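Structure below is input02.cif: mmCIF, C-alpha atoms and all ligand atoms.
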```
data_start
loop_
_atom_site.label_atom_id
_atom_site.label_comp_id
_atom_site.auth_asym_id
_atom_site.auth_seq_id
_atom_site.Cartn_x
_atom_site.Cartn_y
_atom_site.Cartn_z
CA MET A 1 -0.28 11.34 30.38
CA ASP A 2 1.63 12.58 27.33
CA LYS A 3 -0.36 13.33 24.20
CA PRO A 4 -1.12 10.30 22.02
CA LEU A 5 1.08 9.60 19.03
CA TYR A 6 -0.28 7.29 16.33
CA VAL A 7 1.46 5.20 13.71
CA THR A 8 0.30 7.76 11.17
CA ARG A 9 -1.70 10.95 10.75
CA PRO A 10 -3.11 11.93 7.37
CA TYR A 11 -1.58 14.93 5.63
CA LEU A 12 -4.20 17.57 4.84
CA PRO A 13 -3.45 20.64 2.71
CA PRO A 14 -4.52 24.09 3.96
CA LEU A 15 -8.33 24.12 3.84
CA ALA A 16 -8.29 27.41 1.91
CA GLU A 17 -6.69 25.59 -1.03
CA VAL A 18 -9.56 23.10 -1.18
CA LEU A 19 -12.48 25.48 -0.69
CA PRO A 20 -12.53 26.88 -4.26
CA SER A 21 -12.99 23.34 -5.62
CA LEU A 22 -15.83 22.76 -3.18
CA GLU A 23 -17.50 25.94 -4.41
CA SER A 24 -17.21 24.74 -8.00
CA ILE A 25 -18.69 21.38 -7.08
CA TRP A 26 -21.58 23.12 -5.31
CA GLU A 27 -22.21 25.26 -8.38
CA ARG A 28 -21.95 22.47 -10.93
CA ARG A 29 -23.79 19.80 -8.94
CA VAL A 30 -21.68 17.16 -10.61
CA LEU A 31 -20.74 14.98 -7.66
CA THR A 32 -19.57 11.74 -9.29
CA ASN A 33 -19.65 9.60 -12.47
CA ALA A 34 -16.45 10.84 -14.11
CA GLY A 35 -17.02 14.56 -13.58
CA PRO A 36 -14.54 17.31 -14.51
CA TYR A 37 -12.33 16.98 -11.38
CA HIS A 38 -12.24 13.24 -11.86
CA GLN A 39 -11.07 13.64 -15.44
CA GLU A 40 -8.50 16.27 -14.55
CA PHE A 41 -7.11 14.27 -11.62
CA GLU A 42 -6.78 11.17 -13.78
CA ARG A 43 -4.77 13.15 -16.35
CA GLU A 44 -2.58 14.88 -13.74
CA LEU A 45 -1.93 11.67 -11.88
CA ALA A 46 -0.87 9.82 -15.04
CA SER A 47 1.63 12.58 -15.74
CA PHE A 48 2.84 12.86 -12.11
CA LEU A 49 3.41 9.12 -11.76
CA GLY A 50 4.73 8.71 -15.30
CA VAL A 51 2.22 6.01 -16.23
CA PRO A 52 0.29 5.89 -19.52
CA HIS A 53 -3.08 4.51 -18.35
CA ILE A 54 -4.64 5.04 -14.94
CA SER A 55 -8.21 4.69 -13.65
CA LEU A 56 -9.40 6.27 -10.42
CA VAL A 57 -11.52 4.15 -8.08
CA THR A 58 -13.03 4.33 -4.59
CA ASN A 59 -10.30 2.53 -2.65
CA GLY A 60 -7.39 0.12 -2.91
CA THR A 61 -9.50 -2.97 -2.20
CA VAL A 62 -11.92 -2.22 -5.03
CA ALA A 63 -8.87 -1.57 -7.23
CA LEU A 64 -7.64 -5.12 -6.55
CA SER A 65 -11.07 -6.65 -7.21
CA LEU A 66 -11.54 -4.79 -10.49
CA ALA A 67 -8.05 -5.69 -11.70
CA LEU A 68 -8.76 -9.38 -11.02
CA GLU A 69 -12.11 -9.14 -12.81
CA ALA A 70 -10.67 -7.29 -15.82
CA LEU A 71 -8.05 -10.02 -16.31
CA ASP A 72 -10.61 -12.77 -15.53
CA ILE A 73 -8.35 -14.32 -12.90
CA GLN A 74 -9.47 -17.79 -11.74
CA GLY A 75 -8.00 -20.84 -10.00
CA GLU A 76 -4.94 -20.12 -7.84
CA VAL A 77 -2.91 -16.93 -7.45
CA ILE A 78 0.49 -16.83 -5.79
CA THR A 79 0.79 -13.99 -3.33
CA THR A 80 2.43 -12.83 -0.11
CA PRO A 81 1.24 -13.57 3.42
CA PHE A 82 3.06 -10.44 4.69
CA SER A 83 0.52 -7.78 3.75
CA PHE A 84 -2.72 -6.17 4.79
CA VAL A 85 -5.55 -8.67 4.65
CA ALA A 86 -7.21 -6.85 1.70
CA THR A 87 -4.64 -8.37 -0.66
CA SER A 88 -5.86 -11.93 -0.09
CA HIS A 89 -9.48 -11.03 0.59
CA ALA A 90 -9.75 -9.68 -2.97
CA LEU A 91 -8.83 -13.16 -4.22
CA MET A 92 -10.98 -15.18 -1.81
CA MET A 93 -14.02 -13.01 -2.45
CA ARG A 94 -14.01 -14.06 -6.11
CA GLY A 95 -13.43 -17.74 -5.31
CA VAL A 96 -9.73 -17.69 -6.20
CA GLU A 97 -7.36 -19.56 -3.88
CA PRO A 98 -4.44 -17.51 -2.57
CA VAL A 99 -1.26 -19.58 -2.51
CA PHE A 100 1.24 -18.04 -0.12
CA ALA A 101 4.90 -17.92 -1.11
CA ASP A 102 7.63 -17.05 1.37
CA LEU A 103 9.56 -13.78 1.43
CA ALA A 104 13.10 -13.58 0.18
CA TYR A 105 15.50 -13.85 3.14
CA GLY A 106 15.91 -10.46 4.83
CA SER A 107 13.28 -8.90 2.54
CA VAL A 108 9.66 -7.87 3.09
CA ASN A 109 8.71 -9.03 -0.43
CA ILE A 110 8.09 -12.42 -1.99
CA ASP A 111 10.90 -14.45 -3.41
CA PRO A 112 10.60 -15.29 -7.15
CA VAL A 113 12.25 -18.66 -6.44
CA GLN A 114 9.51 -19.57 -3.94
CA VAL A 115 6.88 -18.22 -6.33
CA GLU A 116 8.09 -20.52 -9.10
CA LYS A 117 8.05 -23.53 -6.73
CA ALA A 118 4.41 -22.81 -5.85
CA ILE A 119 3.13 -22.93 -9.45
CA THR A 120 0.60 -25.67 -10.26
CA ASP A 121 -1.59 -26.28 -13.29
CA ARG A 122 -4.28 -24.16 -11.60
CA THR A 123 -2.06 -21.06 -11.23
CA THR A 124 -3.21 -18.13 -13.34
CA ALA A 125 -1.42 -15.14 -11.81
CA ILE A 126 1.11 -13.76 -9.36
CA MET A 127 0.03 -10.94 -7.07
CA PRO A 128 3.00 -9.48 -5.16
CA VAL A 129 2.98 -6.42 -2.88
CA HIS A 130 5.66 -3.71 -2.85
CA CYS A 131 5.53 -3.83 0.92
CA TYR A 132 6.12 -0.45 2.68
CA GLY A 133 6.91 0.93 -0.80
CA ILE A 134 10.04 -1.24 -1.12
CA PRO A 135 10.10 -2.52 -4.72
CA CYS A 136 9.74 -6.25 -5.29
CA ASP A 137 12.24 -8.12 -7.41
CA VAL A 138 10.24 -7.11 -10.48
CA ASN A 139 12.73 -8.58 -12.94
CA GLY A 140 12.73 -11.97 -11.21
CA LEU A 141 8.94 -12.03 -10.94
CA GLU A 142 8.53 -10.99 -14.57
CA THR A 143 10.78 -13.84 -15.72
CA VAL A 144 8.70 -16.37 -13.74
CA ALA A 145 5.44 -14.90 -15.05
CA ARG A 146 6.66 -14.91 -18.65
CA ASN A 147 8.07 -18.45 -18.51
CA HIS A 148 4.82 -19.83 -17.10
CA HIS A 149 2.35 -17.58 -19.00
CA LEU A 150 0.96 -16.04 -15.82
CA HIS A 151 -0.59 -12.65 -15.24
CA LEU A 152 1.31 -10.31 -12.94
CA ILE A 153 -0.73 -7.88 -10.83
CA TYR A 154 1.11 -5.70 -8.33
CA ASP A 155 -0.60 -4.54 -5.18
CA ALA A 156 1.21 -1.20 -5.09
CA ALA A 157 -0.97 0.22 -2.28
CA HIS A 158 2.18 1.41 -0.44
CA ALA A 159 4.16 2.51 -3.47
CA PHE A 160 2.67 5.86 -4.48
CA GLY A 161 5.38 7.99 -6.10
CA VAL A 162 8.14 5.42 -5.66
CA GLY A 163 10.37 5.80 -8.68
CA GLY A 164 13.77 4.99 -9.93
CA ARG A 165 14.84 1.39 -9.74
CA ASP A 166 13.03 -0.59 -12.40
CA ASP A 167 10.19 1.97 -12.75
CA ILE A 168 7.95 -0.27 -10.66
CA LEU A 169 4.55 1.28 -11.40
CA ASN A 170 4.96 0.49 -15.08
CA ARG A 171 5.63 -3.21 -14.56
CA GLY A 172 3.31 -6.19 -14.81
CA ASP A 173 -0.18 -6.27 -16.33
CA MET A 174 -1.65 -3.93 -13.74
CA SER A 175 -0.74 -2.21 -10.47
CA THR A 176 -3.19 -1.04 -7.85
CA LEU A 177 -2.83 1.99 -5.55
CA SER A 178 -4.55 3.05 -2.34
CA PHE A 179 -5.19 6.68 -1.38
CA HIS A 180 -6.56 5.81 2.05
CA ALA A 181 -6.20 8.30 4.90
CA THR A 182 -3.26 6.31 6.30
CA LYS A 183 -1.25 6.29 3.07
CA ALA A 184 1.60 8.54 1.89
CA PHE A 185 -0.89 10.20 -0.45
CA ASN A 186 -4.56 10.40 0.50
CA THR A 187 -7.89 11.50 -0.93
CA PHE A 188 -9.69 10.51 2.33
CA GLU A 189 -10.60 7.18 0.67
CA GLY A 190 -9.48 6.43 -2.86
CA GLY A 191 -7.42 4.28 -5.14
CA ALA A 192 -6.37 3.69 -8.71
CA ILE A 193 -5.44 1.01 -11.19
CA ILE A 194 -2.51 1.41 -13.56
CA SER A 195 -3.04 -0.60 -16.75
CA SER A 196 -0.38 -1.65 -19.21
CA ASN A 197 -2.49 -0.73 -22.27
CA ALA A 198 -5.49 1.33 -23.32
CA GLU A 199 -7.71 -1.69 -23.84
CA ARG A 200 -7.25 -2.79 -20.23
CA LYS A 201 -7.91 0.72 -19.00
CA GLY A 202 -11.14 0.69 -21.04
CA ALA A 203 -12.18 -2.57 -19.37
CA ILE A 204 -11.48 -1.14 -15.88
CA ASP A 205 -13.35 2.07 -16.67
CA ARG A 206 -16.44 0.06 -17.61
CA LEU A 207 -16.11 -2.32 -14.65
CA ARG A 208 -15.97 0.55 -12.15
CA ASN A 209 -19.29 1.79 -13.59
CA PHE A 210 -21.42 -1.37 -13.29
CA GLY A 211 -20.16 -2.72 -16.63
CA PHE A 212 -21.90 -0.06 -18.75
CA ARG A 213 -20.48 0.13 -22.27
CA ASP A 214 -22.97 2.82 -23.23
CA GLU A 215 -26.33 4.06 -22.01
CA LEU A 216 -28.18 0.93 -23.11
CA CYS A 217 -25.55 -1.77 -22.94
CA VAL A 218 -24.11 -3.53 -19.88
CA ASP A 219 -21.67 -6.20 -21.03
CA ALA A 220 -19.70 -7.04 -17.89
CA LEU A 221 -20.37 -7.75 -14.22
CA GLY A 222 -19.15 -4.41 -12.94
CA ALA A 223 -19.26 -2.76 -9.54
CA ASN A 224 -19.68 0.78 -8.32
CA GLY A 225 -16.06 1.78 -7.95
CA LYS A 226 -16.19 5.42 -9.03
CA MET A 227 -14.20 8.09 -7.20
CA SER A 228 -16.27 11.09 -6.12
CA GLU A 229 -15.64 14.62 -7.35
CA PHE A 230 -14.67 15.64 -3.81
CA SER A 231 -11.91 13.04 -3.57
CA ALA A 232 -10.67 13.92 -7.06
CA ALA A 233 -10.60 17.65 -6.26
CA LEU A 234 -8.74 16.98 -3.02
CA GLY A 235 -6.32 14.71 -4.89
CA LEU A 236 -5.44 17.52 -7.29
CA VAL A 237 -4.49 19.77 -4.36
CA GLN A 238 -2.65 16.96 -2.53
CA LEU A 239 -0.49 16.35 -5.61
CA THR A 240 0.92 19.87 -5.40
CA HIS A 241 2.20 19.11 -1.86
CA PHE A 242 3.47 15.58 -2.36
CA GLU A 243 7.16 16.39 -2.96
CA ASP A 244 7.33 18.63 0.14
CA ILE A 245 5.71 15.90 2.17
CA ARG A 246 8.11 13.33 0.81
CA ARG A 247 11.07 15.57 1.87
CA ARG A 248 9.61 15.99 5.36
CA ARG A 249 9.15 12.23 5.70
CA GLN A 250 12.71 11.70 4.53
CA GLU A 251 13.99 13.95 7.37
CA ILE A 252 12.04 11.95 9.95
CA ASP A 253 13.28 8.70 8.45
CA ALA A 254 16.90 9.91 8.59
CA ARG A 255 16.53 11.00 12.23
CA TYR A 256 15.21 7.58 13.29
CA ARG A 257 17.99 5.79 11.40
CA SER A 258 20.78 7.76 12.98
CA ALA A 259 19.26 7.38 16.48
CA PHE A 260 18.99 3.60 16.08
CA ALA A 261 22.29 2.97 14.27
CA ASP A 262 24.03 1.63 17.41
CA VAL A 263 21.08 -0.21 18.98
CA ALA A 264 21.78 -3.94 19.29
CA GLY A 265 19.09 -6.20 17.88
CA LEU A 266 17.19 -3.46 16.03
CA THR A 267 17.24 -3.42 12.23
CA CYS A 268 15.82 -0.76 9.89
CA LEU A 269 14.90 -1.45 6.27
CA SER A 270 17.33 -0.21 3.65
CA TYR A 271 16.32 2.11 0.82
CA ASP A 272 19.64 1.54 -0.98
CA GLY A 273 19.21 1.52 -4.73
CA ILE A 274 15.74 3.08 -4.64
CA ASP A 275 15.78 6.51 -6.31
CA ARG A 276 12.65 7.99 -4.80
CA PRO A 277 11.31 6.14 -1.75
CA ASN A 278 8.07 7.57 -0.36
CA TYR A 279 9.04 6.94 3.30
CA SER A 280 5.49 5.88 4.00
CA TYR A 281 6.27 3.63 7.00
CA PHE A 282 9.09 3.29 9.49
CA PRO A 283 9.24 -0.41 10.35
CA VAL A 284 11.89 -1.68 12.75
CA PHE A 285 12.68 -5.36 13.25
CA ILE A 286 13.33 -6.43 16.81
CA GLY A 287 15.66 -9.44 16.95
CA PRO A 288 16.73 -11.64 19.90
CA GLU A 289 19.66 -9.34 20.81
CA PHE A 290 17.35 -6.40 21.56
CA ARG A 291 16.90 -5.60 25.27
CA VAL A 292 13.22 -6.74 25.29
CA THR A 293 10.89 -8.63 22.96
CA ARG A 294 9.01 -6.93 20.13
CA ASP A 295 5.72 -7.27 22.01
CA ALA A 296 7.24 -5.89 25.23
CA LEU A 297 8.45 -2.84 23.29
CA TYR A 298 5.03 -2.43 21.67
CA ASP A 299 3.40 -2.54 25.15
CA GLU A 300 5.96 -0.17 26.63
CA LEU A 301 5.29 2.40 23.90
CA LYS A 302 1.55 1.94 24.28
CA SER A 303 1.71 2.47 28.04
CA ARG A 304 3.34 5.85 27.23
CA ASN A 305 0.55 6.68 24.75
CA ILE A 306 2.58 5.91 21.63
CA HIS A 307 0.61 3.69 19.29
CA GLY A 308 2.95 1.84 16.95
CA ARG A 309 1.48 -0.99 14.86
CA ARG A 310 2.69 -4.50 14.11
CA TYR A 311 2.05 -4.30 10.35
CA PHE A 312 1.87 -7.17 9.22
CA TYR A 313 1.42 -9.45 12.20
CA PRO A 314 -0.28 -11.88 12.26
CA LEU A 315 0.50 -13.08 8.75
CA ILE A 316 -2.60 -13.23 6.54
CA SER A 317 -2.09 -17.01 6.41
CA ASN A 318 -2.84 -17.12 10.16
CA PHE A 319 -6.35 -15.65 9.90
CA ALA A 320 -9.21 -18.12 10.27
CA MET A 321 -10.30 -18.19 6.62
CA TYR A 322 -6.74 -18.85 5.36
CA ARG A 323 -5.29 -21.10 8.07
CA GLY A 324 -6.49 -24.34 6.48
CA LEU A 325 -4.83 -23.74 3.10
CA PRO A 326 -1.84 -26.00 2.39
CA SER A 327 0.41 -23.00 1.65
CA SER A 328 -0.42 -21.42 5.04
CA ARG A 329 1.66 -23.91 7.04
CA PRO A 330 4.37 -22.01 8.94
CA ILE A 331 6.97 -24.48 7.67
CA ASN A 332 6.27 -23.08 4.19
CA LEU A 333 6.79 -19.49 5.36
CA PRO A 334 9.86 -19.28 7.66
CA ASN A 335 11.09 -15.87 6.47
CA ALA A 336 7.63 -14.28 6.54
CA THR A 337 7.00 -15.73 10.01
CA ARG A 338 10.20 -14.20 11.30
CA MET A 339 9.44 -10.80 9.79
CA ALA A 340 5.91 -10.81 11.23
CA ASN A 341 7.23 -11.74 14.68
CA GLU A 342 9.87 -9.01 14.69
CA VAL A 343 8.20 -6.05 13.00
CA LEU A 344 6.99 -2.87 14.65
CA CYS A 345 6.01 0.23 12.66
CA LEU A 346 6.85 3.43 14.52
CA PRO A 347 4.96 6.71 14.05
CA MET A 348 5.80 8.23 10.66
CA TYR A 349 3.94 11.24 9.30
CA PRO A 350 4.87 14.75 8.17
CA ASP A 351 3.55 16.54 11.27
CA LEU A 352 5.63 14.45 13.67
CA ASP A 353 7.76 17.09 15.36
CA ALA A 354 11.28 16.64 16.72
CA ALA A 355 10.23 16.64 20.39
CA ASP A 356 7.66 13.91 19.81
CA GLN A 357 10.10 11.90 17.75
CA ASP A 358 12.68 12.19 20.54
CA ARG A 359 10.10 10.81 22.98
CA ILE A 360 9.67 7.74 20.75
CA ILE A 361 13.40 7.34 20.18
CA GLY A 362 14.14 7.59 23.91
CA ILE A 363 11.71 4.80 24.77
CA VAL A 364 12.90 2.53 21.98
CA ARG A 365 16.54 3.03 22.96
CA GLY A 366 15.67 2.47 26.61
CA ASP A 367 17.49 5.70 27.60
N1 LIG A 401 -3.22 -3.56 -0.08
C1 LIG A 401 -2.37 -3.22 0.90
C2 LIG A 401 -0.97 -3.73 0.84
C3 LIG A 401 -2.78 -2.37 1.94
O1 LIG A 401 -1.94 -2.03 2.92
C4 LIG A 401 -4.10 -1.90 1.93
C5 LIG A 401 -4.58 -1.05 3.01
C6 LIG A 401 -4.96 -2.27 0.87
C7 LIG A 401 -4.48 -3.11 -0.11
C8 LIG A 401 -6.38 -1.80 0.78
O2 LIG A 401 -6.44 -0.41 0.47
P1 LIG A 401 -7.76 0.41 0.94
O3 LIG A 401 -8.97 -0.37 0.50
O4 LIG A 401 -7.70 0.58 2.44
O5 LIG A 401 -7.64 1.71 0.19
C9 LIG A 401 -5.06 0.68 7.75
C10 LIG A 401 -5.83 1.15 6.54
O6 LIG A 401 -7.24 1.16 6.76
C11 LIG A 401 -5.55 0.41 5.30
O7 LIG A 401 -5.88 1.27 4.22
C12 LIG A 401 -4.08 0.05 5.16
N2 LIG A 401 -3.82 -0.79 4.00
C13 LIG A 401 -3.60 -0.67 6.40
C14 LIG A 401 -2.13 -1.01 6.31
O8 LIG A 401 -3.78 0.18 7.51
P2 LIG A 401 -5.86 -0.02 10.13
O9 LIG A 401 -7.02 -0.84 10.54
O10 LIG A 401 -4.54 -0.32 10.73
O11 LIG A 401 -6.15 1.54 10.28
P3 LIG A 401 -6.55 2.40 11.54
O12 LIG A 401 -7.90 2.95 11.33
O13 LIG A 401 -6.28 1.64 12.79
O14 LIG A 401 -5.53 3.62 11.44
C15 LIG A 401 -4.20 3.57 11.90
C16 LIG A 401 -3.90 4.88 12.62
O15 LIG A 401 -3.96 5.95 11.70
C17 LIG A 401 -4.87 5.24 13.71
O16 LIG A 401 -4.41 4.72 14.93
C18 LIG A 401 -4.89 6.76 13.73
C19 LIG A 401 -4.50 7.13 12.33
N3 LIG A 401 -5.63 7.61 11.52
C20 LIG A 401 -6.40 6.71 10.83
C21 LIG A 401 -7.47 7.17 10.08
C22 LIG A 401 -8.32 6.19 9.31
C23 LIG A 401 -5.92 8.97 11.49
O17 LIG A 401 -5.22 9.76 12.15
N4 LIG A 401 -6.96 9.42 10.74
C24 LIG A 401 -7.75 8.57 10.01
O18 LIG A 401 -8.68 9.02 9.32
O19 LIG A 401 -5.78 -0.20 8.55
#
```
Serialized structure, C-alpha cells:
Amino acid sequence: MDKPLYVTRPYLPPLAEVLPSLESIWERRVLTNAGPYHQEFERELASFLGVPHISLVTNGTVALSLALEALDIQGEVITTPFSFVATSHALMMRGVEPVFADLAYGSVNIDPVQVEKAITDRTTAIMPVHCYGIPCDVNGLETVARNHHLHLIYDAAHAFGVGGRDDILNRGDMSTLSFHATKAFNTFEGGAIISSNAERKGAIDRLRNFGFRDELCVDALGANGKMSEFSAALGLVQLTHFEDIRRRRQEIDARYRSAFADVAGLTCLSYDGIDRPNYSYFPVFIGPEFRVTRDALYDELKSRNIHGRRYFYPLISNFAMYRGLPSSRPINLPNATRMANEVLCLPMYPDLDAADQDRIIGIVRGD
C-alpha cells in the first residue's frame, strides 16, 4: 500500500526556531492571561494582516461565540449552509436561529440577493463565510446590512492573509479567524477576532477573560477564550514563514490546475481578481460529464490511501439539529446543494511533493 496522503498536513517551522521561546516561557513561568508573547503576537499580527484591532483567542469557534456575544446578537441570523458546522453551532448555542441563504450561482459564498429575501423582523445580523478563502461579495452584503440596519460578522476562518480585492478582513463589524492545525496558518489551536473599532476590541478582550473589567469587577458573561503563551510564541515564528508557505501552496495549486485543465466534468475554483489568495484548499467540483461520480472518485482515492475530504458535504442544513428549520429545505438551497454534491477537496499542503501530487493527479484523471 502506498503511503497515506491526507487532505492537509500542518506546517511546522524548524523546531530550533521555537525552542528559544519555550526556554523563555519556562524561565518566566507566565503561561497565559495576556503574557508577553501574547501581547507581541497580537501586535505583529495586526501589522501583518493590516488590521487595526485584533484579539487572540483559543480557537475559531470561540471567536465566533465571543463576536456574537460582544454584539449582543439575538433572534435570527442569515448565514450559509455551505460551511463547517461550527459556523451555525455558534448561533444555535446562544439560542439564535440560523437562517440559511443560498449561494450565488457558481460561487461557494452566499448571494446578497438571497440574503435580502431572507430578512424578517427578527433578523439582527448576517454571518457569511469567505469559503476556502474566496472573498464574499462584501460590497453587496454591506449594502444589504446597511439598508436593513443589520450587523455583519464574517467567519473568515479560511481567509488568513487573503488580501487585495476589497480588503476583506477590514470589512463588516467583526471577522473571526481560525489558527487550527488544518488551516493555512496554525498555532496548533488558536483563533482571533478582528474588530472594527477599539471599543469592540475592548469588549472582546474582557469577554475572553470571563468578563473581568478589573480585578474586582465582572460586568459581562465572559468565557475563558485566552490564547496560551505557547500558541502565541509559535504564532510569532509561523508568521515569519507564511509568505514562503503561501508561495509553495501556489505552486501546488498551479500544478493541479494545469493537470486538470482538459478534464471533462471537473471544475476548479477561480482566484481571478484576488490579489493574494492563501491557497488553503484545493476543491474540485465533479459534474455529470466526469467519468465517475464524486463519491466514486472519493472512494477510488481512498482505496489508494489518498484521503480527500468532501468539505462541505453534507450541508449544515442537513444535520439533525438544523433539518427542521424552514430555511433548511433543499428547495431553498439549490446552488448550495449542487456544490455540496459535487465538491471534493484534494490534498493541499506545503510538504506535498511532486511525486505524491502526480499520484493524486493520475488517479483523478483516470490515466
Ligand atoms: N468556521 C469555519 C468556516 C471553519 O472551517 C472552522 C473549522 C471553524 C469556523 C472553527 O474553527 P476552529 O474552532 O476549528 O478553530 C477540520 C478542523 O478541525 C476545523 O478546524 C476546520 N474548520 C474544518 C474545515 O476541518 P476535520 O474534522 O475535518 O479535521 P480532521 O481532524 O479530520 O483533519 C483533517 C486531516 O488533517 C486529517 O485527515 C489529517 C490532517 N491533520 C489533522 C490534524 C488535526 C494532521 O495532519 N494533523 C492534525 O493535527 O475538521
| task | Have a look at atom CA of Gly106 of chain A and atom CA of Ile316 of chain A and let me know their distance in Å, one decimal. | result |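 We find that atom CA of Gly106 of chain A and atom CA of Ile316 of chain A lie 18.8 Å from each other.
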Surrounding residues as a compact mmCIF listing (two decimals) with C-alpha atoms, in the frame of the given file, ligand LIG 401 (chain A), max 8 Å, all atoms listed in the file:
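This is the output file pocket_3.txt:
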```txt
# COMPACT_ATOMS: atom_id res chain seq x y z
CA TYR A 6 -0.28 7.29 16.33
CA VAL A 7 1.46 5.20 13.71
CA THR A 8 0.30 7.76 11.17
CA ARG A 9 -1.70 10.95 10.75
CA PRO A 10 -3.11 11.93 7.37
CA THR A 58 -13.03 4.33 -4.59
CA ASN A 59 -10.30 2.53 -2.65
CA GLY A 60 -7.39 0.12 -2.91
CA THR A 61 -9.50 -2.97 -2.20
CA VAL A 62 -11.92 -2.22 -5.03
CA ALA A 63 -8.87 -1.57 -7.23
CA LEU A 64 -7.64 -5.12 -6.55
CA SER A 83 0.52 -7.78 3.75
CA PHE A 84 -2.72 -6.17 4.79
CA VAL A 85 -5.55 -8.67 4.65
CA ALA A 86 -7.21 -6.85 1.70
CA THR A 87 -4.64 -8.37 -0.66
CA VAL A 129 2.98 -6.42 -2.88
CA HIS A 130 5.66 -3.71 -2.85
CA CYS A 131 5.53 -3.83 0.92
CA ASP A 155 -0.60 -4.54 -5.18
CA ALA A 156 1.21 -1.20 -5.09
CA ALA A 157 -0.97 0.22 -2.28
CA HIS A 158 2.18 1.41 -0.44
CA LEU A 177 -2.83 1.99 -5.55
CA SER A 178 -4.55 3.05 -2.34
CA PHE A 179 -5.19 6.68 -1.38
CA HIS A 180 -6.56 5.81 2.05
CA ALA A 181 -6.20 8.30 4.90
CA THR A 182 -3.26 6.31 6.30
CA LYS A 183 -1.25 6.29 3.07
CA PHE A 188 -9.69 10.51 2.33
CA GLU A 189 -10.60 7.18 0.67
CA GLY A 190 -9.48 6.43 -2.86
CA GLY A 191 -7.42 4.28 -5.14
CA HIS A 307 0.61 3.69 19.29
CA ARG A 309 1.48 -0.99 14.86
CA TYR A 311 2.05 -4.30 10.35
CA PHE A 312 1.87 -7.17 9.22
```
| Of the candidates A:Glu300, A:Ala90, A:Pro13, A:Arg365, which shows the shortest atom-to-atom distance to Asp244 of chain A, using all atoms listed in the file? |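 Among the listed residues, the smallest separation from Asp244 of chain A belongs to A:Pro13.
Considering the residues A:Val162, A:Gly172, A:Thr79, A:Ser65 and counting only C-alpha atoms, Ile274 of chain A has its shortest atom-to-atom contact with A:Val162.
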| atom CA of Ser280 of chain A to atom CA of Glu116 of chain A: how many Å, to one decimal? | 29.6 Å
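Between Pro112 of chain A and the residues A:Leu333, A:Thr143, A:Thr124, A:Lys302, the shortest atom-to-atom distance, using all atoms listed in the file, involves A:Thr143.
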Compile the contact shell of Leu49 of chain A as an mmCIF file with C-alpha atoms, keeping the file's coordinate frame: residues with an atom at most 7 Å away, counting only C-alpha atoms, same-chain residues fewer than 3 positions apart removed.
```
data_model
loop_
_atom_site.group_PDB
_atom_site.id
_atom_site.type_symbol
_atom_site.label_atom_id
_atom_site.label_comp_id
_atom_site.auth_asym_id
_atom_site.auth_seq_id
_atom_site.Cartn_x
_atom_site.Cartn_y
_atom_site.Cartn_z
ATOM 1 C CA LEU A 45 -1.930 11.670 -11.880
ATOM 2 C CA ALA A 46 -0.870 9.820 -15.040
ATOM 3 C CA GLY A 161 5.380 7.990 -6.100
#
```
| query | Using only C-alpha atoms, can you list as a PyMOL selection string the residues within 7 Å of (2.6, -6.8, -17.9)? | reply | chain A and resi 152+171-174+196
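When atom CA of Thr176 of chain A is paired with atom CA of Tyr37 of chain A, their separation reads 20.5 Å.
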| said: What's around Thr123 of chain A at 9 Å? Count only C-alpha atoms, leave out sequence neighbours fewer than 2 positions away in its own chain, and write the answer as a list of chain:residue names. | reply: A:Gln74, A:Gly75, A:Glu76, A:Val77, A:Ile78, A:Val99, A:Ala118, A:Ile119, A:Thr120, A:Asp121, A:Ala125, A:Ile126, A:Leu150
| message | Need the shell around Val18 of chain A: protein/DNA/RNA residues with any atom at most 12 Å away, counting all atoms listed in the file. Skip same-chain ones fewer than 2 positions apart. Format as a list in words? | response |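 Neighbouring residues, sequence-local ones excluded: Leu12, Pro13, Pro14, Leu15, Ala16, Pro20, Ser21, Leu22, Glu23, Ser24, Ile25, Thr187, Phe230, Ser231, Ala232, Ala233, Leu234, Gly235, Leu236, Val237, Gln238 and Thr240 of chain A.
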| field | Which of A:Asp205, A:Glu251, A:Asp111, A:Asp262 sits closest to Asp351 of chain A [using only C-alpha atoms] | value | A:Glu251
| task | Tell me which protein, DNA and RNA residues are within 9 Å of Ile306 of chain A, counting only C-alpha atoms, leaving out same-chain ones fewer than 2 positions away, and put them as a PyMOL selection string. | result | chain A and resi 2-7+298+300-304+308+346-347+360
| message | Let me make sure I understand: among A:Leu66, A:His149, A:Val51, A:Pro135, which one has the smallest atom-to-atom distance to Gly225 of chain A if we use all atoms listed in the file? | response | A:Leu66
| said: Would you pick out the contacts of Tyr256 of chain A at 9 Å or less, using only C-alpha atoms, so that residues sharing its chain but fewer than 3 positions from it are not included, and give the list as a list in words? | reply: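 My list of contacting residues is Glu251, Ile252, Asp253, Ala259, Phe260, Ala261, Phe282, Gln357, Asp358 and Ile361 of chain A.
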| task | Counting all atoms listed in the file, figure out which residue out of A:Pro350, A:Gly222, A:Gly133, A:Pro277 gets nearest to Arg249 of chain A. | result |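 Smallest distance to Arg249 of chain A is found for A:Pro350.
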Could I get the residues of segment 117-233 of chain A with an atom no further than 8 Å from an atom of segment 30-36 of chain A, each paired with its nearest atom pair and that distance in Å to one decimal, using only C-alpha atoms, sorted by chain and residue number, as JSON lines?
```
{"residue": "A:Asn209", "atom": "CA", "partner": "A:Asn33", "partner_atom": "CA", "distance": 7.9}
{"residue": "A:Lys226", "atom": "CA", "partner": "A:Asn33", "partner_atom": "CA", "distance": 6.4}
{"residue": "A:Met227", "atom": "CA", "partner": "A:Thr32", "partner_atom": "CA", "distance": 6.8}
{"residue": "A:Ser228", "atom": "CA", "partner": "A:Thr32", "partner_atom": "CA", "distance": 4.6}
{"residue": "A:Glu229", "atom": "CA", "partner": "A:Leu31", "partner_atom": "CA", "distance": 5.1}
{"residue": "A:Phe230", "atom": "CA", "partner": "A:Leu31", "partner_atom": "CA", "distance": 7.2}
```
